[in-house]
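Pasting protein_2.cif here (mmCIF, C-alpha atoms, pLDDT in the B column; chains and numbers go by the auth columns):
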```
data_structure
loop_
_atom_site.group_PDB
_atom_site.id
_atom_site.type_symbol
_atom_site.label_atom_id
_atom_site.label_comp_id
_atom_site.label_asym_id
_atom_site.label_seq_id
_atom_site.Cartn_x
_atom_site.Cartn_y
_atom_site.Cartn_z
_atom_site.B_iso_or_equiv
_atom_site.auth_seq_id
_atom_site.auth_asym_id
ATOM 1 C CA ASP A 1 0.000 0.000 0.000 67.00 17 A
ATOM 2 C CA THR A 2 1.541 3.296 -1.124 72.00 18 A
ATOM 3 C CA GLU A 3 -1.410 5.490 -0.320 93.00 19 A
ATOM 4 C CA VAL A 4 -1.302 8.964 1.120 97.00 20 A
ATOM 5 C CA THR A 5 -4.782 10.265 1.915 97.00 21 A
ATOM 6 C CA GLN A 6 -5.584 13.974 1.989 98.00 22 A
ATOM 7 C CA THR A 7 -8.798 15.598 3.152 98.00 23 A
ATOM 8 C CA PRO A 8 -10.709 17.542 2.109 98.00 24 A
ATOM 9 C CA LYS A 9 -10.303 17.286 -1.670 97.00 25 A
ATOM 10 C CA HIS A 10 -11.672 20.786 -2.184 98.00 26 A
ATOM 11 C CA LEU A 11 -11.901 23.739 0.204 98.00 27 A
ATOM 12 C CA VAL A 12 -13.253 27.237 -0.253 97.00 28 A
ATOM 13 C CA MET A 13 -12.558 29.631 2.585 96.00 29 A
ATOM 14 C CA GLY A 14 -12.869 33.311 3.324 94.00 30 A
ATOM 15 C CA MET A 15 -9.920 35.442 4.327 94.00 31 A
ATOM 16 C CA THR A 16 -11.062 35.535 7.952 93.00 32 A
ATOM 17 C CA ASN A 17 -11.703 31.791 8.280 93.00 33 A
ATOM 18 C CA LYS A 18 -9.665 29.165 10.083 96.00 34 A
ATOM 19 C CA LYS A 19 -9.464 25.746 8.467 97.00 35 A
ATOM 20 C CA SER A 20 -7.208 22.695 8.502 98.00 36 A
ATOM 21 C CA LEU A 21 -5.912 20.316 5.867 98.00 37 A
ATOM 22 C CA LYS A 22 -5.262 16.722 6.875 98.00 38 A
ATOM 23 C CA CYS A 23 -2.894 14.059 5.574 98.00 39 A
ATOM 24 C CA GLU A 24 -2.578 10.413 6.628 98.00 40 A
ATOM 25 C CA GLN A 25 -0.276 7.556 5.652 97.00 41 A
ATOM 26 C CA HIS A 26 0.245 4.062 7.035 94.00 42 A
ATOM 27 C CA MET A 27 3.474 3.112 5.285 91.00 43 A
ATOM 28 C CA GLY A 28 5.632 3.699 8.342 90.00 44 A
ATOM 29 C CA HIS A 29 7.270 6.703 6.695 91.00 45 A
ATOM 30 C CA ARG A 30 8.825 9.025 9.272 90.00 46 A
ATOM 31 C CA ALA A 31 9.361 11.948 6.861 90.00 47 A
ATOM 32 C CA MET A 32 6.325 13.937 5.801 93.00 48 A
ATOM 33 C CA TYR A 33 6.078 16.998 3.603 94.00 49 A
ATOM 34 C CA TRP A 34 3.751 19.821 2.638 96.00 50 A
ATOM 35 C CA TYR A 35 4.018 21.284 -0.858 96.00 51 A
ATOM 36 C CA LYS A 36 2.159 24.112 -2.563 97.00 52 A
ATOM 37 C CA GLN A 37 1.534 23.945 -6.297 97.00 53 A
ATOM 38 C CA LYS A 38 0.230 26.729 -8.500 97.00 54 A
ATOM 39 C CA ALA A 39 -1.131 26.071 -11.984 94.00 55 A
ATOM 40 C CA LYS A 40 1.478 24.977 -14.532 92.00 56 A
ATOM 41 C CA LYS A 41 4.271 25.159 -11.926 94.00 57 A
ATOM 42 C CA PRO A 42 6.148 22.388 -10.104 94.00 58 A
ATOM 43 C CA PRO A 43 5.414 21.679 -6.452 95.00 59 A
ATOM 44 C CA GLU A 44 7.152 24.066 -4.033 94.00 60 A
ATOM 45 C CA LEU A 45 8.326 22.730 -0.700 93.00 61 A
ATOM 46 C CA MET A 46 6.747 24.343 2.361 95.00 62 A
ATOM 47 C CA PHE A 47 7.539 22.161 5.382 94.00 63 A
ATOM 48 C CA VAL A 48 9.358 18.942 6.232 92.00 64 A
ATOM 49 C CA TYR A 49 8.757 16.827 9.319 93.00 65 A
ATOM 50 C CA SER A 50 11.256 14.168 10.257 90.00 66 A
ATOM 51 C CA TYR A 51 10.389 11.814 13.114 92.00 67 A
ATOM 52 C CA GLU A 52 7.470 14.111 13.992 94.00 68 A
ATOM 53 C CA LYS A 53 9.721 17.148 14.409 94.00 69 A
ATOM 54 C CA LEU A 54 9.737 20.123 12.084 94.00 70 A
ATOM 55 C CA SER A 55 13.070 20.023 10.275 88.00 71 A
ATOM 56 C CA ILE A 56 12.561 22.435 7.367 84.00 72 A
ATOM 57 C CA ASN A 57 10.399 25.547 7.068 86.00 73 A
ATOM 58 C CA GLU A 58 10.932 27.170 3.685 86.00 74 A
ATOM 59 C CA SER A 59 10.195 30.713 4.920 89.00 75 A
ATOM 60 C CA VAL A 60 6.470 30.112 4.801 95.00 76 A
ATOM 61 C CA PRO A 61 4.210 32.903 6.167 95.00 77 A
ATOM 62 C CA SER A 62 2.900 32.324 9.680 95.00 78 A
ATOM 63 C CA ARG A 63 -0.682 32.119 8.421 96.00 79 A
ATOM 64 C CA PHE A 64 0.287 28.527 7.555 97.00 80 A
ATOM 65 C CA SER A 65 0.910 26.432 10.665 97.00 81 A
ATOM 66 C CA PRO A 66 1.946 22.774 10.331 97.00 82 A
ATOM 67 C CA GLU A 67 1.430 20.090 12.940 97.00 83 A
ATOM 68 C CA CYS A 68 2.490 16.454 13.125 97.00 84 A
ATOM 69 C CA PRO A 69 0.539 14.858 16.003 96.00 85 A
ATOM 70 C CA ASN A 70 1.881 11.353 15.364 95.00 86 A
ATOM 71 C CA SER A 71 3.880 9.336 12.860 92.00 87 A
ATOM 72 C CA SER A 72 0.866 8.778 10.568 96.00 88 A
ATOM 73 C CA LEU A 73 -0.770 12.195 10.552 98.00 89 A
ATOM 74 C CA LEU A 74 0.162 15.620 9.251 98.00 90 A
ATOM 75 C CA ASN A 75 -1.995 18.723 9.485 98.00 91 A
ATOM 76 C CA LEU A 76 -1.758 22.175 7.956 98.00 92 A
ATOM 77 C CA HIS A 77 -3.677 24.843 9.849 98.00 93 A
ATOM 78 C CA LEU A 78 -4.763 27.853 7.831 97.00 94 A
ATOM 79 C CA HIS A 79 -5.695 31.270 9.171 96.00 95 A
ATOM 80 C CA ALA A 80 -6.220 34.668 7.566 95.00 96 A
ATOM 81 C CA LEU A 81 -5.171 33.520 4.131 96.00 97 A
ATOM 82 C CA GLN A 82 -4.935 35.723 1.070 96.00 98 A
ATOM 83 C CA PRO A 83 -6.413 35.057 -2.382 97.00 99 A
ATOM 84 C CA GLU A 84 -2.899 34.417 -3.721 97.00 100 A
ATOM 85 C CA ASP A 85 -2.690 31.425 -1.382 97.00 101 A
ATOM 86 C CA SER A 86 -5.204 29.642 -3.596 98.00 102 A
ATOM 87 C CA ALA A 87 -3.415 26.553 -4.917 98.00 103 A
ATOM 88 C CA LEU A 88 -3.219 22.775 -4.821 98.00 104 A
ATOM 89 C CA TYR A 89 -1.707 21.690 -1.495 98.00 105 A
ATOM 90 C CA LEU A 90 0.082 18.372 -1.611 97.00 106 A
ATOM 91 C CA CYS A 91 1.210 16.089 1.172 97.00 107 A
ATOM 92 C CA ALA A 92 3.983 13.537 0.652 95.00 108 A
ATOM 93 C CA SER A 93 5.792 10.957 2.731 93.00 109 A
ATOM 94 C CA ARG A 94 8.906 8.816 2.471 90.00 110 A
ATOM 95 C CA LEU A 95 11.537 7.104 4.554 84.00 111 A
ATOM 96 C CA PRO A 96 13.661 9.876 6.062 76.00 112 A
ATOM 97 C CA PRO A 97 17.240 10.351 4.921 70.00 113 A
ATOM 98 C CA GLU A 98 19.061 8.732 7.808 68.00 114 A
ATOM 99 C CA GLN A 99 22.511 9.509 8.974 51.00 115 A
ATOM 100 C CA GLY A 100 24.955 7.296 7.162 48.00 116 A
ATOM 101 C CA ARG A 101 22.352 6.203 4.610 61.00 117 A
ATOM 102 C CA HIS A 102 23.665 7.215 1.224 61.00 118 A
ATOM 103 C CA LEU A 103 20.603 6.810 -0.923 73.00 119 A
ATOM 104 C CA ASN A 104 17.204 8.432 -0.568 81.00 120 A
ATOM 105 C CA THR A 105 13.957 6.702 -1.398 85.00 121 A
ATOM 106 C CA GLU A 106 11.043 7.968 -3.429 89.00 122 A
ATOM 107 C CA ALA A 107 8.295 10.131 -1.960 91.00 123 A
ATOM 108 C CA PHE A 108 4.635 9.222 -2.355 94.00 124 A
ATOM 109 C CA PHE A 109 2.100 11.983 -2.801 96.00 125 A
ATOM 110 C CA GLY A 110 -1.523 12.386 -1.903 97.00 126 A
ATOM 111 C CA GLN A 111 -4.096 13.640 -4.400 97.00 127 A
ATOM 112 C CA GLY A 112 -4.004 17.102 -2.922 97.00 128 A
ATOM 113 C CA THR A 113 -6.444 19.638 -1.544 98.00 129 A
ATOM 114 C CA ARG A 114 -7.615 22.262 -4.013 98.00 130 A
ATOM 115 C CA LEU A 115 -7.825 25.424 -1.897 98.00 131 A
ATOM 116 C CA THR A 116 -9.640 28.554 -3.015 97.00 132 A
ATOM 117 C CA VAL A 117 -9.456 31.690 -0.861 97.00 133 A
ATOM 118 C CA VAL A 118 -12.205 34.204 -1.510 96.00 134 A
ATOM 119 C CA GLU B 1 24.004 25.791 -6.622 73.00 21 B
ATOM 120 C CA ASP B 2 21.741 22.774 -7.094 77.00 22 B
ATOM 121 C CA GLN B 3 19.576 22.995 -10.220 85.00 23 B
ATOM 122 C CA VAL B 4 17.163 20.791 -12.150 92.00 24 B
ATOM 123 C CA THR B 5 16.086 21.705 -15.696 94.00 25 B
ATOM 124 C CA GLN B 6 13.592 19.828 -17.828 97.00 26 B
ATOM 125 C CA SER B 7 13.123 20.085 -21.571 97.00 27 B
ATOM 126 C CA PRO B 8 11.134 20.543 -23.624 98.00 28 B
ATOM 127 C CA GLU B 9 8.565 22.529 -21.666 97.00 29 B
ATOM 128 C CA ALA B 10 5.781 21.090 -23.827 98.00 30 B
ATOM 129 C CA LEU B 11 5.669 18.252 -26.329 98.00 31 B
ATOM 130 C CA ARG B 12 2.937 17.183 -28.746 98.00 32 B
ATOM 131 C CA LEU B 13 3.198 13.733 -30.298 98.00 33 B
ATOM 132 C CA GLN B 14 1.085 11.725 -32.639 98.00 34 B
ATOM 133 C CA GLU B 15 -0.071 8.420 -31.223 98.00 35 B
ATOM 134 C CA GLY B 16 2.720 5.915 -31.834 97.00 36 B
ATOM 135 C CA GLU B 17 5.412 8.583 -32.314 98.00 37 B
ATOM 136 C CA SER B 18 8.242 7.776 -29.883 98.00 38 B
ATOM 137 C CA SER B 19 10.260 10.538 -28.194 98.00 39 B
ATOM 138 C CA SER B 20 12.345 11.419 -25.138 98.00 40 B
ATOM 139 C CA LEU B 21 12.073 13.923 -22.304 98.00 41 B
ATOM 140 C CA ASN B 22 15.202 15.355 -20.732 98.00 42 B
ATOM 141 C CA CYS B 23 16.091 16.201 -17.137 98.00 43 B
ATOM 142 C CA SER B 24 19.456 17.910 -16.599 96.00 44 B
ATOM 143 C CA TYR B 25 20.711 18.330 -13.074 93.00 45 B
ATOM 144 C CA THR B 26 23.475 19.880 -11.028 89.00 46 B
ATOM 145 C CA VAL B 27 23.346 18.493 -7.517 85.00 47 B
ATOM 146 C CA SER B 28 26.026 18.108 -4.890 80.00 48 B
ATOM 147 C CA GLY B 29 26.018 14.450 -3.971 80.00 49 B
ATOM 148 C CA LEU B 30 23.088 12.952 -5.887 85.00 50 B
ATOM 149 C CA ARG B 31 21.169 10.585 -3.646 87.00 51 B
ATOM 150 C CA GLY B 32 18.435 9.680 -6.089 91.00 52 B
ATOM 151 C CA LEU B 33 16.658 10.887 -9.223 95.00 53 B
ATOM 152 C CA PHE B 34 12.901 10.367 -9.458 96.00 54 B
ATOM 153 C CA TRP B 35 10.352 10.550 -12.260 98.00 55 B
ATOM 154 C CA TYR B 36 6.703 11.340 -11.613 98.00 56 B
ATOM 155 C CA ARG B 37 3.618 11.660 -13.758 98.00 57 B
ATOM 156 C CA GLN B 38 1.027 14.283 -12.836 98.00 58 B
ATOM 157 C CA ASP B 39 -2.474 14.574 -14.247 97.00 59 B
ATOM 158 C CA PRO B 40 -4.266 17.961 -13.983 94.00 60 B
ATOM 159 C CA GLY B 41 -5.529 18.660 -10.471 92.00 61 B
ATOM 160 C CA LYS B 42 -4.026 15.447 -9.074 95.00 62 B
ATOM 161 C CA GLY B 43 -0.970 14.642 -7.006 96.00 63 B
ATOM 162 C CA PRO B 44 2.236 13.388 -8.657 97.00 64 B
ATOM 163 C CA GLU B 45 2.272 9.636 -9.278 96.00 65 B
ATOM 164 C CA PHE B 46 5.614 7.914 -8.718 96.00 66 B
ATOM 165 C CA LEU B 47 7.136 6.219 -11.759 97.00 67 B
ATOM 166 C CA PHE B 48 10.854 5.470 -11.304 96.00 68 B
ATOM 167 C CA THR B 49 13.867 5.902 -9.027 95.00 69 B
ATOM 168 C CA LEU B 50 17.406 5.939 -10.441 95.00 70 B
ATOM 169 C CA TYR B 51 20.561 6.060 -8.351 92.00 71 B
ATOM 170 C CA SER B 52 23.636 5.610 -10.502 91.00 72 B
ATOM 171 C CA ALA B 53 24.890 6.417 -13.998 94.00 73 B
ATOM 172 C CA GLY B 54 24.041 3.661 -16.434 96.00 74 B
ATOM 173 C CA GLU B 55 20.972 2.547 -14.528 96.00 75 B
ATOM 174 C CA GLU B 56 17.748 1.952 -16.486 97.00 76 B
ATOM 175 C CA LYS B 57 14.175 1.242 -15.394 97.00 77 B
ATOM 176 C CA GLU B 58 11.181 0.288 -17.551 97.00 78 B
ATOM 177 C CA LYS B 59 7.429 0.244 -17.113 95.00 79 B
ATOM 178 C CA GLU B 60 5.088 -0.413 -20.020 95.00 80 B
ATOM 179 C CA ARG B 61 5.852 2.230 -22.684 97.00 81 B
ATOM 180 C CA LEU B 62 8.215 4.217 -20.431 98.00 82 B
ATOM 181 C CA LYS B 63 11.924 3.767 -19.912 98.00 83 B
ATOM 182 C CA ALA B 64 14.085 5.970 -17.690 98.00 84 B
ATOM 183 C CA THR B 65 17.857 6.227 -17.984 98.00 85 B
ATOM 184 C CA LEU B 66 20.509 8.104 -16.000 97.00 86 B
ATOM 185 C CA THR B 67 23.924 9.597 -16.781 95.00 87 B
ATOM 186 C CA LYS B 68 26.150 11.702 -14.550 91.00 88 B
ATOM 187 C CA LYS B 69 24.517 14.912 -15.735 93.00 89 B
ATOM 188 C CA GLU B 70 21.054 14.037 -17.013 96.00 90 B
ATOM 189 C CA SER B 71 18.204 11.609 -17.157 98.00 91 B
ATOM 190 C CA PHE B 72 15.948 10.715 -20.042 98.00 92 B
ATOM 191 C CA LEU B 73 12.407 9.433 -20.015 98.00 93 B
ATOM 192 C CA HIS B 74 11.854 7.569 -23.265 98.00 94 B
ATOM 193 C CA ILE B 75 8.266 7.047 -24.398 98.00 95 B
ATOM 194 C CA THR B 76 7.790 4.312 -26.972 98.00 96 B
ATOM 195 C CA ALA B 77 4.665 4.275 -29.153 98.00 97 B
ATOM 196 C CA PRO B 78 2.726 6.612 -26.839 98.00 98 B
ATOM 197 C CA LYS B 79 -1.043 6.498 -26.479 98.00 99 B
ATOM 198 C CA PRO B 80 -3.425 9.375 -25.675 98.00 100 B
ATOM 199 C CA GLU B 81 -3.664 8.150 -22.071 97.00 101 B
ATOM 200 C CA ASP B 82 0.043 8.946 -21.663 98.00 102 B
ATOM 201 C CA SER B 83 -0.840 12.648 -21.882 98.00 103 B
ATOM 202 C CA ALA B 84 0.225 14.276 -18.604 98.00 104 B
ATOM 203 C CA THR B 85 2.938 16.427 -17.087 98.00 105 B
ATOM 204 C CA TYR B 86 6.114 14.493 -16.353 98.00 106 B
ATOM 205 C CA LEU B 87 8.165 15.781 -13.428 98.00 107 B
ATOM 206 C CA CYS B 88 11.757 14.983 -12.599 97.00 108 B
ATOM 207 C CA ALA B 89 12.990 15.380 -9.025 95.00 109 B
ATOM 208 C CA VAL B 90 16.448 14.987 -7.537 91.00 110 B
ATOM 209 C CA SER B 91 17.447 14.335 -3.964 85.00 111 B
ATOM 210 C CA GLY B 92 20.675 15.810 -2.671 72.00 112 B
ATOM 211 C CA ASN B 93 20.552 17.745 0.555 65.00 113 B
ATOM 212 C CA GLN B 94 16.927 18.505 -0.297 71.00 114 B
ATOM 213 C CA PHE B 95 14.300 17.283 -2.733 77.00 115 B
ATOM 214 C CA TYR B 96 14.094 19.476 -5.878 82.00 116 B
ATOM 215 C CA PHE B 97 11.540 19.326 -8.664 92.00 117 B
ATOM 216 C CA GLY B 98 12.195 20.355 -12.231 94.00 118 B
ATOM 217 C CA THR B 99 9.646 22.523 -14.025 93.00 119 B
ATOM 218 C CA GLY B 100 8.118 19.574 -15.852 97.00 120 B
ATOM 219 C CA THR B 101 7.289 18.595 -19.427 98.00 121 B
ATOM 220 C CA SER B 102 3.671 18.748 -20.517 98.00 122 B
ATOM 221 C CA LEU B 103 3.066 15.869 -22.915 98.00 123 B
ATOM 222 C CA THR B 104 0.069 15.724 -25.248 98.00 124 B
ATOM 223 C CA VAL B 105 -0.467 12.612 -27.360 98.00 125 B
ATOM 224 C CA ILE B 106 -2.859 13.150 -30.250 98.00 126 B
ATOM 225 C CA PRO B 107 -4.946 10.212 -31.515 96.00 127 B
#
```

Structure encoded using C-alpha cells:
Amino acid sequence: DTEVTQTPKHLVMGMTNKKSLKCEQHMGHRAMYWYKQKAKKPPELMFVYSYEKLSINESVPSRFSPECPNSSLLNLHLHALQPEDSALYLCASRLPPEQGRHLNTEAFFGQGTRLTVV
Amino acid sequence: EDQVTQSPEALRLQEGESSSLNCSYTVSGLRGLFWYRQDPGKGPEFLFTLYSAGEEKEKERLKATLTKKESFLHITAPKPEDSATYLCAVSGNQFYFGTGTSLTVIP
C-alpha cells in the first residue's frame, strides 16, 4: 500500500476563516512533507517533518501552521489567508534520509487539496 | 548551486510517435533521481527511481535512464492516455523538482 490520503479534496474559505488540511499515511514513513503547487508550476516545498519534528520551514508565512501529532498524521492549519494562497496543497511521505544512509527513497504523494481563498 | 532543468517545456506527439524527455541536473552528492507523472488537479504519481549512472528502469511504454549529468524518459509508441505532465525530481541535501514537461499525445 503506497497510499497517502488527503482531506478535504476541495476547500473554499474566506480570508477571515480558520481551516485545517489533513494528511494520513500508514506506510511507516517518518518523513512527511507539505508542498504548494500553482497552476502549470512544479510543487514548491513548504515544510518537512522528520520523526514528527519540524526540520525544514521554507520561509512560509505564519498564516500557515503545520502540525504532526503522530507518525501517521500531518496537518496544515490555515488562518487569515490571502487570495494568492489559492493553490493545490500536496502532502507527501517517504523514509527519512538517515545519517549514514547514502541513498534516498522515493516520496509518495496524496491527491491534494484544491484550496480557493475568496 | 543545485539545479534541475527539464526540456522541452511542452511536447505534442502523434499516437505511436516515440520521443524522449530530458532532465538535466546539477546536484552536490546525488542521492536519487525520481520521475513522476502528474495529471491535472491530481498529485504526482511515482514512476521510477534511479541512483547511478548507467541505470535503467522500464514500465510499459516508459523507460528511464541516468547519466552523470542528465536523465531521459523515453516514451515508446505513446497512447493518448500517456498525456500528462512528467516531473523529474532529484534528492541531494533537499528534494528538488524540475519545471516539468507537458506531454500531449494526439490520436

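Using all atoms listed in the file for every distance, the candidate list B:Leu93, B:Ala30, B:Val110, B:Leu123 yields B:Val110 as the residue closest to Tyr71 of chain B.
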
message: Counting only C-alpha atoms, which residue out of B:Leu50, B:Leu41, B:Ala73, B:Glu80 sits closest to chain A?
response: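 Closest residue, counting only C-alpha atoms: B:Leu50.
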
- request: Could you list the residues in chain B lying within 10 Å of chain A, using all atoms listed in the file, and format the result as a PyMOL selection string?
  value: chain B and resi 49-56+58+60-71+105+107-122

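With distances taken over all atoms listed in the file, A:Arg46 is the one residue among A:Arg110, A:Arg46, A:Lys52, A:His93 lying closest to Glu68 of chain A.
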
field: Top pick for closest residue to Thr132 of chain A, considering A:Leu97, A:Leu89, A:Leu27, A:Leu111 and counting all atoms listed in the file
entry: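 Among the listed residues, A:Leu27 lies closest to Thr132 of chain A.
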
- request: Considering all atoms listed in the file, state which residue in the set B:Tyr106, B:Arg81, B:Thr124, B:Pro98 is at the smallest distance from Gly36 of chain B.
  value: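 Answer, going by the shortest atom-to-atom distance: B:Pro98.
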
field: Interatomic distance (Å, one decimal) between atom CA of Pro28 of chain B and atom CA of Ser72 of chain B
entry: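 Atom CA of Ser72 of chain B lies 23.5 Å from atom CA of Pro28 of chain B.
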
task: Could you tell me how far atom CA of Lys34 of chain A lies from atom CA of Ala96 of chain A, in Å and to one decimal?
output: 7.0 Å

- prompt: What does the distance from atom CA of Leu82 of chain B to atom CA of Glu19 of chain A come to in Å, to one decimal?
  reply: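 Taking atom CA of Leu82 of chain B as the start and atom CA of Glu19 of chain A as the end point, the length is 22.3 Å.
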
- request: Name the residues captured by the PyMOL selection byres ((chain A and resi 41) around 6) when it is applied to the shown file; answer as a PyMOL selection string.
  value: chain A and resi 20+40+42-43+88

Starting from 8 Å padding per side, set up an axis-aligned box that covers all listed atoms of segment 35-40 of chain A and hand over centre and edge lengths in Å, one decimal, as JSON.
```
{"center_x": -6.0, "center_y": 18.1, "center_z": 7.0, "size_x": 22.9, "size_y": 31.3, "size_z": 18.9}
```

- request: Identify, on the basis of only C-alpha atoms, every residue whose closest approach to His95 of chain A does not exceed 12 Å; exclude the query and any residue fewer than 4 positions from it along the same chain; express the result as a list in words.
  value: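 So, after excluding close chain neighbours, the residues are Met29, Gly30, Met31, Thr32, Asn33, Lys34, Lys35, Ser36, Leu37, Pro77, Ser78, Arg79, Phe80, Ser81, Pro82, Asp101 and Val133 of chain A.
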
Evaluate the PyMOL selection byres ((chain B and resi 42) around 7) here and jot the selected residues down as an mmCIF file with C-alpha atoms, keeping the file's coordinate frame.
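What ended up in expr-v4.cif:
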```cif
data_model
loop_
_atom_site.group_PDB
_atom_site.id
_atom_site.type_symbol
_atom_site.label_atom_id
_atom_site.label_comp_id
_atom_site.auth_asym_id
_atom_site.auth_seq_id
_atom_site.Cartn_x
_atom_site.Cartn_y
_atom_site.Cartn_z
ATOM 1 C CA GLN B 26 13.592 19.828 -17.828
ATOM 2 C CA SER B 27 13.123 20.085 -21.571
ATOM 3 C CA SER B 40 12.345 11.419 -25.138
ATOM 4 C CA LEU B 41 12.073 13.923 -22.304
ATOM 5 C CA CYS B 43 16.091 16.201 -17.137
ATOM 6 C CA SER B 44 19.456 17.910 -16.599
ATOM 7 C CA SER B 91 18.204 11.609 -17.157
ATOM 8 C CA PHE B 92 15.948 10.715 -20.042
ATOM 9 C CA LEU B 93 12.407 9.433 -20.015
#
```

From the block you just saw, export segment 51-67 of chain B: N, CA, C and O atoms, as a PDB file, in the first residue's frame.
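Result file is result-v3.pdb:
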```pdb
ATOM      1  N   ARG B  51      21.589  11.723  -4.465  1.00  0.00           N
ATOM      2  CA  ARG B  51      21.169  10.585  -3.646  1.00  0.00           C
ATOM      3  C   ARG B  51      19.894   9.956  -4.198  1.00  0.00           C
ATOM      4  O   ARG B  51      19.211   9.227  -3.498  1.00  0.00           O
ATOM      5  N   GLY B  52      19.597  10.287  -5.443  1.00  0.00           N
ATOM      6  CA  GLY B  52      18.435   9.680  -6.089  1.00  0.00           C
ATOM      7  C   GLY B  52      17.833  10.647  -7.088  1.00  0.00           C
ATOM      8  O   GLY B  52      17.803  11.855  -6.862  1.00  0.00           O
ATOM      9  N   LEU B  53      17.387  10.102  -8.231  1.00  0.00           N
ATOM     10  CA  LEU B  53      16.658  10.887  -9.223  1.00  0.00           C
ATOM     11  C   LEU B  53      15.331  10.181  -9.455  1.00  0.00           C
ATOM     12  O   LEU B  53      15.291   8.949  -9.613  1.00  0.00           O
ATOM     13  N   PHE B  54      14.245  10.939  -9.458  1.00  0.00           N
ATOM     14  CA  PHE B  54      12.901  10.367  -9.458  1.00  0.00           C
ATOM     15  C   PHE B  54      12.090  10.947 -10.601  1.00  0.00           C
ATOM     16  O   PHE B  54      12.156  12.141 -10.885  1.00  0.00           O
ATOM     17  N   TRP B  55      11.296  10.107 -11.246  1.00  0.00           N
ATOM     18  CA  TRP B  55      10.352  10.550 -12.260  1.00  0.00           C
ATOM     19  C   TRP B  55       8.929  10.348 -11.738  1.00  0.00           C
ATOM     20  O   TRP B  55       8.605   9.298 -11.157  1.00  0.00           O
ATOM     21  N   TYR B  56       8.110  11.377 -11.987  1.00  0.00           N
ATOM     22  CA  TYR B  56       6.703  11.340 -11.613  1.00  0.00           C
ATOM     23  C   TYR B  56       5.848  11.730 -12.800  1.00  0.00           C
ATOM     24  O   TYR B  56       6.263  12.500 -13.658  1.00  0.00           O
ATOM     25  N   ARG B  57       4.634  11.240 -12.793  1.00  0.00           N
ATOM     26  CA  ARG B  57       3.618  11.660 -13.758  1.00  0.00           C
ATOM     27  C   ARG B  57       2.545  12.410 -12.972  1.00  0.00           C
ATOM     28  O   ARG B  57       2.130  11.987 -11.879  1.00  0.00           O
ATOM     29  N   GLN B  58       2.075  13.535 -13.525  1.00  0.00           N
ATOM     30  CA  GLN B  58       1.027  14.283 -12.836  1.00  0.00           C
ATOM     31  C   GLN B  58      -0.086  14.627 -13.818  1.00  0.00           C
ATOM     32  O   GLN B  58       0.156  15.276 -14.843  1.00  0.00           O
ATOM     33  N   ASP B  59      -1.294  14.209 -13.489  1.00  0.00           N
ATOM     34  CA  ASP B  59      -2.474  14.574 -14.247  1.00  0.00           C
ATOM     35  C   ASP B  59      -3.040  15.862 -13.653  1.00  0.00           C
ATOM     36  O   ASP B  59      -2.848  16.148 -12.458  1.00  0.00           O
ATOM     37  N   PRO B  60      -3.765  16.650 -14.462  1.00  0.00           N
ATOM     38  CA  PRO B  60      -4.266  17.961 -13.983  1.00  0.00           C
ATOM     39  C   PRO B  60      -5.084  17.825 -12.710  1.00  0.00           C
ATOM     40  O   PRO B  60      -5.989  16.979 -12.623  1.00  0.00           O
ATOM     41  N   GLY B  61      -4.770  18.643 -11.713  1.00  0.00           N
ATOM     42  CA  GLY B  61      -5.529  18.660 -10.471  1.00  0.00           C
ATOM     43  C   GLY B  61      -5.283  17.491  -9.554  1.00  0.00           C
ATOM     44  O   GLY B  61      -5.956  17.356  -8.525  1.00  0.00           O
ATOM     45  N   LYS B  62      -4.330  16.624  -9.898  1.00  0.00           N
ATOM     46  CA  LYS B  62      -4.026  15.447  -9.074  1.00  0.00           C
ATOM     47  C   LYS B  62      -2.612  15.540  -8.514  1.00  0.00           C
ATOM     48  O   LYS B  62      -1.798  16.335  -8.972  1.00  0.00           O
ATOM     49  N   GLY B  63      -2.315  14.684  -7.538  1.00  0.00           N
ATOM     50  CA  GLY B  63      -0.970  14.642  -7.006  1.00  0.00           C
ATOM     51  C   GLY B  63      -0.033  13.873  -7.923  1.00  0.00           C
ATOM     52  O   GLY B  63      -0.473  13.053  -8.732  1.00  0.00           O
ATOM     53  N   PRO B  64       1.275  14.131  -7.840  1.00  0.00           N
ATOM     54  CA  PRO B  64       2.236  13.388  -8.657  1.00  0.00           C
ATOM     55  C   PRO B  64       2.194  11.890  -8.345  1.00  0.00           C
ATOM     56  O   PRO B  64       2.134  11.503  -7.178  1.00  0.00           O
ATOM     57  N   GLU B  65       2.277  11.098  -9.404  1.00  0.00           N
ATOM     58  CA  GLU B  65       2.272   9.636  -9.278  1.00  0.00           C
ATOM     59  C   GLU B  65       3.688   9.139  -9.532  1.00  0.00           C
ATOM     60  O   GLU B  65       4.272   9.412 -10.580  1.00  0.00           O
ATOM     61  N   PHE B  66       4.239   8.390  -8.605  1.00  0.00           N
ATOM     62  CA  PHE B  66       5.614   7.914  -8.718  1.00  0.00           C
ATOM     63  C   PHE B  66       5.756   6.927  -9.872  1.00  0.00           C
ATOM     64  O   PHE B  66       4.937   6.030 -10.054  1.00  0.00           O
ATOM     65  N   LEU B  67       6.841   7.127 -10.652  1.00  0.00           N
ATOM     66  CA  LEU B  67       7.136   6.219 -11.759  1.00  0.00           C
ATOM     67  C   LEU B  67       8.422   5.422 -11.508  1.00  0.00           C
ATOM     68  O   LEU B  67       8.404   4.205 -11.486  1.00  0.00           O
TER      69      LEU B  67
END
```
